[in-house]
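One structure is given below, encoded as structure tokens.
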Amino acid sequence: MEIKIVGGGLAGSEAAYQIARRGGEVILYEMRPSSCTPAHKTAYLSELVCSNSMKSKELTNAHGLLKEELRLLDSLVIRIAHETAIPGGKALVVDREKFAQRITGEIEDNANIRVVREEVEEVPSGTVIIATGPLTSSKLTEKIGALTGEENLYFFDAISPVIDAESVDMEKAFYASRYAEEKSDDYLNCPLTEEEYKLFYEELISAGRVDFKEFEKTSFFEGCLPIEVMAERGKQTLLYGPMKPVGLIDEHTGKRPFAVVQLRKENAEGTMFNLVGFQTKLKYQEQDRVLRFIPALKDAVFLRYGSVHRNTYIQSPAVLNTALQFNGNGNIFFAGQITGAEGYVESTAMGLLAGIAAFLYSGGKQFTPPPGDTCIGGLLRYITTETKHFQPMNVNFGLLQDYKKREKEAAVERSLSSIEAWKKQMYEEMNQ
Ligand SMILES: Cc1cc2nc3c(=O)[nH]c(=O)nc-3n(C[C@H](O)[C@H](O)[C@H](O)COP(=O)(O)OP(=O)(O)OC[C@H]3O[C@@H](n4cnc5c(N)ncnc54)[C@H](O)[C@@H]3O)c2cc1C
């Protein structure tokens with residue numbers, strides 16, 4: 001039986017390859033070149049729409065570790081990335097043209113894959129993987145919304161920075177929920193005095209920003225204005241918005257602070273925090289600099305930076321199971337950035353898993369998710385675990401189960417041996 005894949009980007013190409021190499025038959029639909037997204041420029045499969053860097057190669061960097069896990073799992077995208085690499089220091093940087101050309105060649109020459117160049121306007125019947133990415137065409141987006149429920153489909157992300165919980169200065173921060181009579185650890189509060197706020201404010205409004213692309217220029221919802229745009233409305237605005245101090249008493253001083261930044265747990269283990277309401281278009285290095293003016297975050301370790309951009313994605317924790325399978329119809333899988341994984345390699349990883357899961361499903365076999373102490377397993381777990389405030393995520397060590405910052409090397413070793421064990425288990429499942 002053929003598996004249909006919609007979208008020939010990084011995730012769709014990887015999923016097609018994973019199915020084909022296991023003997024499955026694939027029809028891969030790609031709408032380019034007759035229809036194009038606002039960011040793609042060529043007819044190649046797996047075109048990189050912006051940077052030609054796949055980020056760090058170092059195993060002690062989560063981006064590097066994820067790539068190594070994917071290499072061990074025989075990822076097409078990672079193999080070709082290595083084969084078309086150009087010098088880039090510690091990063092895996094590719095010759096963008098050769099990279100996309102080589103992947104297109106391998107996919108088009110694969111006897112088990114038929115590439116159909118047309119825009120898909122309805123969710124196809126049969127076993128299907130939807131991998132249409134952050135710029136999914138509008139007609140299909142409508143159909144996906146009807147499937148998942150409009151409330152589970154987003155067009156923009158508004159991402160607040162995420163930091164390592166261990167890097168917050170607990171001599172300055174305090175746990176408390178607004179107006180709560182009893183102590184609770186729902187929020188970790190970072191207080192500022194009037195002087196500290198003044199300094200932070202001046203740095204924030206003058207910091208360098210990333211420009212919006214033409215197709216991203218649209219009005220924001222009031223609820224997700226970038227923090228610097230909010231700040232521009234006046235010095236007091238943040239004090240009535242995300243930095244309001246009302247209902248909070250600083251346990252270190254016994255007083256209400258002048259301003260407060262609230263941190264909320266990003267994962268169930270509480271190893272990562274996001275800065276509540278701090279979605280931002282500041283340049284990454286500016287976020288890293290300016291947010292340190294919040295005294296409790298002076299030594300913060302940033303696991304991901306904030307962003308606001310056009311991004312079609314679904315509320316995966318509400319609609320997908322751990323096989324990336326739609327819970328309203330087991331024939332439908334999602335892969336890539338549309339699942340809330342963010343970035344080239346993360347999208348590839350979710351393509352690899354969806355390909356294996358869909359292949360097993362079509363043969364009546366069981367998919368077991370990769371262990372949570374691997375980058376790929378941690379990312380899958382993040383995007384499929386119920387949470388009140390889901391936001392797209394790129395890979396970082398905070399996603400790994402039982403991860404401790406001081407034991408990074410041990411975590412790397414554990415992840416690589418877990419991947420080998422999982423791979424073996426998956427092969428056994430396939431051969432049964
Ligand atoms: C402007 C922009 C800049 C970015 N810059 C970076 C960056 O520098 N680094 C980084 O890591 N990530 C970046 N990203 C994110 C990156 O694009 C994704 O992480 C990655 O490409 C997602 O892979 P994907 O396969 O899910 O989607 P894509 O690579 O976008 O592939 C989806 C494919 O589906 C096709 N398609 C869409 N709708 C249909 C349809 N109805 N029928 C048939 N085909 C369809 C598209 O043409 C496309 O080929 C950027 C995203 C954007 C929008």
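Every chain in the structure tokens has a letter given in the order shown (A, B, ...), and although residue numbers restart at 1 in each chain, ligands are simply numbered from 1 in the order shown.
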Q | Cut-off 6 Å, only C-alpha atoms and all ligand atoms, neighbours of ligand 1 as a count of residues only | A | 36
Please produce, as a Markdown table, a per-residue contact table for region 306-421 of chain A versus region 280-292 of chain A (criterion: any atom at most 9 Å away, only C-alpha atoms considered), showing the nearest atom pair and its distance in Å to one decimal, sorted by chain then residue number.
| residue | atom | partner | partner_atom | distance |
| --- | --- | --- | --- | --- |
| A:Gly306 | CA | A:Thr280 | CA | 5.4 |
| A:Ser307 | CA | A:Thr280 | CA | 5.1 |
| A:Val308 | CA | A:Lys281 | CA | 5.9 |
| A:His309 | CA | A:Lys281 | CA | 8.5 |
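Neighbouring residues of Val395 (chain A) at 8 Å or closer, counting only C-alpha atoms and skipping chain neighbours under 5 positions away, are Ala62, His63, Leu66, Glu342, Glu346, Cys375 and Leu379 of chain A.
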Please produce a file of those selected residues containing C-alpha atoms, as a compact mmCIF listing (two decimals), in the first residue's frame.
# COMPACT_ATOMS: atom_id res chain seq x y z
CA ALA A 62 22.04 19.86 21.50
CA HIS A 63 21.95 20.80 17.78
CA LEU A 66 20.52 15.73 17.39
CA GLU A 342 11.25 24.47 14.93
CA GLU A 346 14.28 19.49 14.16
CA CYS A 375 17.31 14.76 21.65
CA LEU A 379 11.64 16.85 21.24
Q. Can you tell me, as a list of chain:residue names, what residues are no more than 9 Å from Lys4 (chain A) when counting only C-alpha atoms, ignoring any on the same chain fewer than 4 positions away?
A. A:Ala16, A:Glu25, A:Val26, A:Ile27, A:Leu28, A:Tyr29, A:Pro124, A:Ser125, A:Gly126, A:Thr127, A:Val128, A:Ile129, A:Ile130
Once you have the residues from the selection above, write them out as a short mmCIF file (atom, residue, chain, number, x, y, z; two decimals), in the first residue's frame, restricted to N, CA and C atoms.
data_model
loop_
_atom_site.label_atom_id
_atom_site.label_comp_id
_atom_site.auth_asym_id
_atom_site.auth_seq_id
_atom_site.Cartn_x
_atom_site.Cartn_y
_atom_site.Cartn_z
N ALA A 16 9.85 10.38 3.20
CA ALA A 16 9.76 9.55 1.98
C ALA A 16 10.93 8.57 1.93
N GLU A 25 6.15 2.00 -0.43
CA GLU A 25 5.92 2.80 -1.65
C GLU A 25 5.39 4.16 -1.25
N VAL A 26 5.89 5.21 -1.91
CA VAL A 26 5.51 6.58 -1.53
C VAL A 26 5.07 7.39 -2.74
N ILE A 27 4.01 8.20 -2.54
CA ILE A 27 3.74 9.28 -3.51
C ILE A 27 4.01 10.57 -2.76
N LEU A 28 4.94 11.36 -3.26
CA LEU A 28 5.31 12.61 -2.59
C LEU A 28 4.79 13.78 -3.41
N TYR A 29 3.88 14.55 -2.81
CA TYR A 29 3.31 15.71 -3.51
C TYR A 29 4.07 16.98 -3.13
N PRO A 124 -5.55 14.08 1.64
CA PRO A 124 -5.80 12.86 0.85
C PRO A 124 -6.30 11.70 1.72
N SER A 125 -6.96 10.76 1.06
CA SER A 125 -7.42 9.57 1.80
C SER A 125 -6.27 8.57 1.91
N GLY A 126 -6.46 7.52 2.68
CA GLY A 126 -5.41 6.52 2.89
C GLY A 126 -4.39 7.02 3.90
N THR A 127 -3.29 6.28 4.04
CA THR A 127 -2.26 6.70 4.99
C THR A 127 -1.51 7.90 4.41
N VAL A 128 -1.48 8.97 5.16
CA VAL A 128 -0.89 10.21 4.63
C VAL A 128 -0.08 10.91 5.72
N ILE A 129 1.02 11.53 5.26
CA ILE A 129 1.82 12.37 6.17
C ILE A 129 1.72 13.81 5.66
N ILE A 130 1.29 14.72 6.52
CA ILE A 130 1.21 16.13 6.14
C ILE A 130 2.49 16.81 6.62
#
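For the pair CA of Ile159 (chain A) and CA of Gln391 (chain A), the interatomic distance is 6.4 Å.
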Q) CA of Glu151 (chain A) and CA of Pro317 (chain A) are how many Å apart? A) 12.7 Å
List every residue of region 156-237 of chain A that has an atom at most 9 Å from any atom of region 248-265 of chain A, giving for each one its closest atom pair and the distance in Å to one decimal, counting only C-alpha atoms, sorted by chain and then by ascending residue number, as a tab-separated table.
residue	atom	partner	partner_atom	distance
A:Ala165	CA	A:Lys265	CA	8.5
A:Glu171	CA	A:His252	CA	7.8
A:Lys172	CA	A:His252	CA	7.2
A:Ala173	CA	A:Asp250	CA	8.1
A:Phe174	CA	A:Glu251	CA	6.4
A:Tyr175	CA	A:Glu251	CA	8.5
A:Ala176	CA	A:Leu248	CA	7.0
A:Ser177	CA	A:Leu248	CA	7.2
A:Arg178	CA	A:Leu248	CA	5.4
A:Tyr179	CA	A:Leu248	CA	6.4
A:Ala180	CA	A:Leu248	CA	8.4
A:Asp186	CA	A:Arg264	CA	6.6
A:Tyr187	CA	A:Arg264	CA	5.1
A:Leu188	CA	A:Leu263	CA	5.0
A:Asn189	CA	A:Gln262	CA	4.6
A:Cys190	CA	A:Val261	CA	5.0
A:Pro191	CA	A:Val260	CA	4.4
A:Leu192	CA	A:Ala259	CA	5.1
A:Thr193	CA	A:Phe258	CA	5.1
A:Glu194	CA	A:Phe258	CA	5.6
A:Glu196	CA	A:Ala259	CA	9.0
A:Tyr197	CA	A:Ala259	CA	6.8
Keeping only C-alpha atoms, write the selected residues as a PDB file, in the first residue's frame.
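Result file follows (again.pdb):
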ATOM      1  CA  ALA A 165      16.091  26.722  35.328  1.00  0.00           C
ATOM      2  CA  GLU A 171      19.121  34.882  45.829  1.00  0.00           C
ATOM      3  CA  LYS A 172      17.085  37.375  43.808  1.00  0.00           C
ATOM      4  CA  ALA A 173      14.136  35.401  42.394  1.00  0.00           C
ATOM      5  CA  PHE A 174      11.198  34.080  44.417  1.00  0.00           C
ATOM      6  CA  TYR A 175       8.358  31.636  43.831  1.00  0.00           C
ATOM      7  CA  ALA A 176       4.811  32.993  44.133  1.00  0.00           C
ATOM      8  CA  SER A 177       1.567  33.181  42.202  1.00  0.00           C
ATOM      9  CA  ARG A 178      -0.124  36.559  41.974  1.00  0.00           C
ATOM     10  CA  TYR A 179      -2.547  37.192  44.864  1.00  0.00           C
ATOM     11  CA  ALA A 180      -2.109  33.612  46.113  1.00  0.00           C
ATOM     12  CA  ASP A 186       3.727  27.953  39.515  1.00  0.00           C
ATOM     13  CA  TYR A 187       5.723  31.122  38.813  1.00  0.00           C
ATOM     14  CA  LEU A 188       9.280  32.112  39.548  1.00  0.00           C
ATOM     15  CA  ASN A 189       9.395  35.916  39.847  1.00  0.00           C
ATOM     16  CA  CYS A 190      12.356  38.111  38.949  1.00  0.00           C
ATOM     17  CA  PRO A 191      11.938  41.490  40.674  1.00  0.00           C
ATOM     18  CA  LEU A 192      13.349  44.863  39.567  1.00  0.00           C
ATOM     19  CA  THR A 193      13.705  48.090  41.528  1.00  0.00           C
ATOM     20  CA  GLU A 194      12.726  51.395  39.883  1.00  0.00           C
ATOM     21  CA  GLU A 196      16.824  48.571  37.527  1.00  0.00           C
ATOM     22  CA  TYR A 197      13.605  48.883  35.531  1.00  0.00           C
TER      23      TYR A 197
END
Q: Looking only at alpha helix (DSSP H) from DSSP on the backbone, list the matching residues of region 302-333 of chain A as a count of residues only.
A: 4
Q. Distance CA of Leu303 (chain A)-CA of Ile163 (chain A), one decimal place?
A. 5.1 Å
